[in-house]
Amino acid sequence: MGDRLAVAVSGGADSVALLCLLLELRAELGIVLSVAHVNHKLRGEEADEDERFVAKLARQHGLELHACVAPINGKRSSDKSLGKSSGVSSGIEAAARKQRYDFFRQLARESRVTKIATAHTLDDQAETVLLRIFRGTGIRGLSGIHPRIVFEEEGHAFGELVRPLLGFRRAALQDFLRERGQSWREDSSNRDIAFLRNRARHRLLPMIGEEFGEAAIEHMGELAEIARAEEEHWERMHPEIRSHGGGAAETRQAASLRVERLSALPLAAQRRLVRAWLETHLPDLSISFRLIEEALELERGAAGKKLKLPGGWNLRRGRHEVSLELEPSGGRGEAADYEYALAVPGAVEVPELGACIEARVVDATGVPEDERGELLDLARMPKEVLIRNWRAGDRFWPAHTAATKKVKELLSDRHATGVAKKLWPVAVAKGCGLIWMRGFAVPAAFRAPARASKAIWIREIAGML
């Protein structure tokens, strides 16, 4: 009750029907209605006519209009092949969608509205589910269009987007408008079957309805609801499949996965953990089922093997972990020595690794038992250490080993080779030698006491600051 709700109206039948429905229900719902419209200038005069139509509709009902002109550069593709269908168009439409949602977020952030309603229908849901199946997807993709999106910044919610028509068919909404004598605008691009979604809309869904009955469309909407519930269950009830690599409340995670942790999970959880971990550290990477399976094969294989990823990244199987590594210059050129001062606590970028090294004060009680050996004694840590790649003659003494050992030998035992071996990071404390080495237990003399509540954790974080 009392929500200031903006209806996103393009001028098409679905959005006009949503506005009309909410106009009839606003007294019962106790909402203050307004209209939001974005003109992307993609269809010239036709797009301007849409804007004028929506403005007239808002005036007719005495509603405030939130209008935005957000031109998109580029032309729609007319590629009719299934494999390449509307690649350019998809990019333009994704950019347009982002601009619309950025505008919606702005309206909510500025407290001009509390909610934005869009007119996605059951037909849109079925199209989305089908296209994701054809392109390749998992349970998350099958969840389709979500009925509600909360706008958040730094954990603070400031508005939401709702989709109240996901259970309604497009034809029923058009009948609703005809009964009331309400006109709407037709987007000419929606009839162009050069675009994959339009082929699904005008060819595939009608064929499914004819061959399998109209209930088949509803079943796809039900499948999306089932998939959303499955995703929610995994996210809320299975913390073991998150990409969390350290103690509680960590915001950035170490760029490695413990083999012991991964292999202990059921296959479904393994796949989810690998996906979440890759999405956390390589958000621009296209993650397919095949890639996840190759990563799991790497995990099951021998130490030293690697899997090449786009962008110069590698997945490398270490002795106890699978790690992300960036080859210098995308794999070109010789690896160079590096060294950087790291404040404790603090973080420093290491371009040679395509990552940063972070020294953070953590709650030691929240760190998994198998990673507590990497925690450093807060009381013994200097205010600054030197982060560099190891050098010939360096020695390191991991806790629970008999004596110091050459770093070269420790890395050989882990089957590290090539650039990855050359660039392996260590931390040097003045007058104390090496006190940290990525992926190894810290020396006993610097290890955090077993009952310590706070400790320093030095870790490599994928990506730059």
# chains A, B, ... in the order shown; residues from 1 in each chain; ligands from 1
>>> residues_around(residues="Asp50 in chain A", least_positions_apart="4", cutoff="9 Å", atoms="only C-alpha atoms", output="PyMOL selection string")
chain A and resi 10-12+39+45-46+54-55+185-187
>>> write_last_selection(atoms="all heavy atoms", output="CSV table (one decimal), in the first residue's frame")
chain,number,residue,atom,x,y,z
A,10,SER,N,6.0,1.0,-23.4
A,10,SER,CA,6.6,1.2,-24.7
A,10,SER,C,5.6,1.7,-25.7
A,10,SER,O,6.0,2.3,-26.7
A,10,SER,CB,7.2,-0.1,-25.2
A,10,SER,OG,6.2,-1.1,-25.4
A,11,GLY,N,4.4,1.4,-25.5
A,11,GLY,CA,3.3,1.7,-26.4
A,11,GLY,C,2.7,0.5,-27.0
A,11,GLY,O,1.7,0.5,-27.6
A,12,GLY,N,3.4,-0.7,-26.8
A,12,GLY,CA,2.9,-1.9,-27.3
A,12,GLY,C,1.7,-2.4,-26.5
A,12,GLY,O,1.4,-1.9,-25.4
A,39,ASN,N,13.0,6.2,-25.1
A,39,ASN,CA,13.1,6.3,-26.6
A,39,ASN,C,14.5,6.1,-27.0
A,39,ASN,O,15.4,6.9,-26.8
A,39,ASN,CB,12.5,7.6,-27.1
A,39,ASN,CG,12.5,7.7,-28.6
A,39,ASN,OD1,13.0,6.8,-29.3
A,39,ASN,ND2,11.9,8.7,-29.2
A,45,GLU,N,11.3,7.9,-37.0
A,45,GLU,CA,10.0,8.6,-36.7
A,45,GLU,C,9.0,7.6,-36.0
A,45,GLU,O,8.2,8.1,-35.2
A,45,GLU,CB,9.4,9.0,-38.0
A,45,GLU,CG,8.0,9.7,-37.9
A,45,GLU,CD,8.1,11.0,-37.0
A,45,GLU,OE1,9.1,11.6,-36.9
A,45,GLU,OE2,7.0,11.3,-36.5
A,46,GLU,N,9.1,6.3,-36.3
A,46,GLU,CA,8.2,5.4,-35.6
A,46,GLU,C,8.4,5.4,-34.1
A,46,GLU,O,7.5,5.4,-33.3
A,46,GLU,CB,8.4,4.0,-36.2
A,46,GLU,CG,7.5,2.9,-35.6
A,46,GLU,CD,7.8,1.5,-36.2
A,46,GLU,OE1,8.3,1.4,-37.3
A,46,GLU,OE2,7.5,0.6,-35.4
A,54,VAL,N,2.6,7.4,-25.9
A,54,VAL,CA,2.7,7.2,-24.5
A,54,VAL,C,2.5,8.4,-23.7
A,54,VAL,O,1.8,8.4,-22.7
A,54,VAL,CB,4.1,6.5,-24.1
A,54,VAL,CG1,4.3,6.4,-22.6
A,54,VAL,CG2,4.2,5.2,-24.8
A,55,ALA,N,3.0,9.6,-24.2
A,55,ALA,CA,2.8,10.9,-23.5
A,55,ALA,C,1.4,11.2,-23.5
A,55,ALA,O,0.8,11.7,-22.5
A,55,ALA,CB,3.7,11.9,-24.2
A,185,ARG,N,0.4,0.6,-30.0
A,185,ARG,CA,1.3,0.8,-31.1
A,185,ARG,C,1.9,-0.6,-31.4
A,185,ARG,O,2.1,-1.5,-30.5
A,185,ARG,CB,2.4,1.7,-30.7
A,185,ARG,CG,2.0,3.1,-30.4
A,185,ARG,CD,1.8,3.9,-31.7
A,185,ARG,NE,3.1,4.0,-32.4
A,185,ARG,CZ,3.2,4.5,-33.6
A,185,ARG,NH1,2.0,4.9,-34.3
A,185,ARG,NH2,4.3,4.6,-34.2
A,186,GLU,N,2.2,-0.8,-32.7
A,186,GLU,CA,2.9,-2.0,-33.1
A,186,GLU,C,4.3,-1.7,-33.5
A,186,GLU,O,4.6,-0.8,-34.3
A,186,GLU,CB,2.2,-2.6,-34.3
A,186,GLU,CG,0.8,-3.2,-34.0
A,186,GLU,CD,0.9,-4.5,-33.3
A,186,GLU,OE1,2.0,-5.0,-33.1
A,186,GLU,OE2,-0.2,-5.1,-33.0
A,187,ASP,N,5.3,-2.4,-32.9
A,187,ASP,CA,6.7,-2.2,-33.2
A,187,ASP,C,7.0,-3.0,-34.5
A,187,ASP,O,6.9,-4.3,-34.4
A,187,ASP,CB,7.5,-2.7,-32.0
A,187,ASP,CG,9.0,-2.5,-32.3
A,187,ASP,OD1,9.5,-2.4,-33.4
A,187,ASP,OD2,9.8,-2.5,-31.3
>>> residues_around(residues="Ser111 in chain A", least_positions_apart="2", cutoff="12 Å", atoms="only C-alpha atoms", output="list in words")
Asp3, Arg4, Leu5, Ala6, Phe104, Arg105, Gln106, Leu107, Ala108, Arg109, Val113, Thr114, Lys115, Ile116, Ala157, Phe158, Gly159 and Glu160 of chain A
>>> write_last_selection(atoms="N, CA, C and O atoms", output="PDB file, in the first residue's frame")
ATOM      1  N   ASP A   3       2.631   2.481  -2.460  1.00  0.00           N
ATOM      2  CA  ASP A   3       3.773   2.466  -3.365  1.00  0.00           C
ATOM      3  C   ASP A   3       3.586   3.474  -4.480  1.00  0.00           C
ATOM      4  O   ASP A   3       2.484   3.642  -5.024  1.00  0.00           O
ATOM      5  N   ARG A   4       4.681   4.156  -4.825  1.00  0.00           N
ATOM      6  CA  ARG A   4       4.704   4.983  -6.026  1.00  0.00           C
ATOM      7  C   ARG A   4       5.236   4.098  -7.150  1.00  0.00           C
ATOM      8  O   ARG A   4       6.427   3.808  -7.210  1.00  0.00           O
ATOM      9  N   LEU A   5       4.336   3.668  -8.005  1.00  0.00           N
ATOM     10  CA  LEU A   5       4.670   2.646  -8.999  1.00  0.00           C
ATOM     11  C   LEU A   5       4.645   3.236 -10.401  1.00  0.00           C
ATOM     12  O   LEU A   5       3.630   3.799 -10.828  1.00  0.00           O
ATOM     13  N   ALA A   6       5.769   3.118 -11.105  1.00  0.00           N
ATOM     14  CA  ALA A   6       5.853   3.549 -12.498  1.00  0.00           C
ATOM     15  C   ALA A   6       5.670   2.341 -13.399  1.00  0.00           C
ATOM     16  O   ALA A   6       6.316   1.308 -13.195  1.00  0.00           O
ATOM     17  N   PHE A 104      15.449   2.980 -14.945  1.00  0.00           N
ATOM     18  CA  PHE A 104      14.537   2.542 -13.889  1.00  0.00           C
ATOM     19  C   PHE A 104      15.211   2.619 -12.517  1.00  0.00           C
ATOM     20  O   PHE A 104      14.612   3.072 -11.533  1.00  0.00           O
ATOM     21  N   ARG A 105      16.461   2.187 -12.472  1.00  0.00           N
ATOM     22  CA  ARG A 105      17.211   2.247 -11.212  1.00  0.00           C
ATOM     23  C   ARG A 105      17.376   3.698 -10.754  1.00  0.00           C
ATOM     24  O   ARG A 105      17.292   3.997  -9.565  1.00  0.00           O
ATOM     25  N   GLN A 106      17.625   4.581 -11.716  1.00  0.00           N
ATOM     26  CA  GLN A 106      17.794   5.988 -11.376  1.00  0.00           C
ATOM     27  C   GLN A 106      16.516   6.556 -10.773  1.00  0.00           C
ATOM     28  O   GLN A 106      16.558   7.300  -9.780  1.00  0.00           O
ATOM     29  N   LEU A 107      15.377   6.204 -11.371  1.00  0.00           N
ATOM     30  CA  LEU A 107      14.101   6.679 -10.827  1.00  0.00           C
ATOM     31  C   LEU A 107      13.919   6.224  -9.376  1.00  0.00           C
ATOM     32  O   LEU A 107      13.450   6.988  -8.522  1.00  0.00           O
ATOM     33  N   ALA A 108      14.280   4.962  -9.117  1.00  0.00           N
ATOM     34  CA  ALA A 108      14.139   4.430  -7.757  1.00  0.00           C
ATOM     35  C   ALA A 108      15.176   5.048  -6.819  1.00  0.00           C
ATOM     36  O   ALA A 108      14.869   5.384  -5.670  1.00  0.00           O
ATOM     37  N   ARG A 109      16.404   5.200  -7.317  1.00  0.00           N
ATOM     38  CA  ARG A 109      17.466   5.747  -6.477  1.00  0.00           C
ATOM     39  C   ARG A 109      17.147   7.171  -6.051  1.00  0.00           C
ATOM     40  O   ARG A 109      17.464   7.590  -4.931  1.00  0.00           O
ATOM     41  N   VAL A 113      10.154   6.999  -7.608  1.00  0.00           N
ATOM     42  CA  VAL A 113       9.233   5.861  -7.543  1.00  0.00           C
ATOM     43  C   VAL A 113       9.810   4.860  -6.554  1.00  0.00           C
ATOM     44  O   VAL A 113      10.999   4.897  -6.226  1.00  0.00           O
ATOM     45  N   THR A 114       8.963   3.949  -6.078  1.00  0.00           N
ATOM     46  CA  THR A 114       9.456   2.862  -5.232  1.00  0.00           C
ATOM     47  C   THR A 114       9.481   1.539  -5.985  1.00  0.00           C
ATOM     48  O   THR A 114      10.230   0.636  -5.635  1.00  0.00           O
ATOM     49  N   LYS A 115       8.631   1.443  -7.043  1.00  0.00           N
ATOM     50  CA  LYS A 115       8.590   0.227  -7.837  1.00  0.00           C
ATOM     51  C   LYS A 115       8.400   0.582  -9.308  1.00  0.00           C
ATOM     52  O   LYS A 115       7.800   1.608  -9.636  1.00  0.00           O
ATOM     53  N   ILE A 116       8.922  -0.281 -10.169  1.00  0.00           N
ATOM     54  CA  ILE A 116       8.700  -0.177 -11.609  1.00  0.00           C
ATOM     55  C   ILE A 116       8.097  -1.493 -12.066  1.00  0.00           C
ATOM     56  O   ILE A 116       8.594  -2.569 -11.709  1.00  0.00           O
ATOM     57  N   ALA A 157      18.788  -1.925  -0.173  1.00  0.00           N
ATOM     58  CA  ALA A 157      17.731  -1.976  -1.181  1.00  0.00           C
ATOM     59  C   ALA A 157      17.077  -0.608  -1.300  1.00  0.00           C
ATOM     60  O   ALA A 157      16.740   0.023  -0.291  1.00  0.00           O
ATOM     61  N   PHE A 158      16.902  -0.133  -2.551  1.00  0.00           N
ATOM     62  CA  PHE A 158      16.303   1.187  -2.725  1.00  0.00           C
ATOM     63  C   PHE A 158      15.135   1.167  -3.711  1.00  0.00           C
ATOM     64  O   PHE A 158      14.633   2.221  -4.110  1.00  0.00           O
ATOM     65  N   GLY A 159      14.685  -0.001  -4.106  1.00  0.00           N
ATOM     66  CA  GLY A 159      13.552  -0.090  -5.016  1.00  0.00           C
ATOM     67  C   GLY A 159      13.494  -1.471  -5.623  1.00  0.00           C
ATOM     68  O   GLY A 159      14.363  -2.314  -5.373  1.00  0.00           O
ATOM     69  N   GLU A 160      12.457  -1.713  -6.418  1.00  0.00           N
ATOM     70  CA  GLU A 160      12.367  -3.017  -7.060  1.00  0.00           C
ATOM     71  C   GLU A 160      11.598  -2.931  -8.371  1.00  0.00           C
ATOM     72  O   GLU A 160      10.821  -2.000  -8.603  1.00  0.00           O
TER      73      GLU A 160
END
>>> atom_distance(atom1="CA of Phe53 in chain A", atom2="CA of Trp184 in chain A")
8.3 Å
>>> closest_residue(among="A:Met237, A:Leu21, A:Val348, A:Ala126", to="Gly144 in chain A", atoms="only C-alpha atoms")
A:Ala126
>>> atom_distance(atom1="CA of Asp192 in chain A", atom2="CA of Val9 in chain A")
21.4 Å
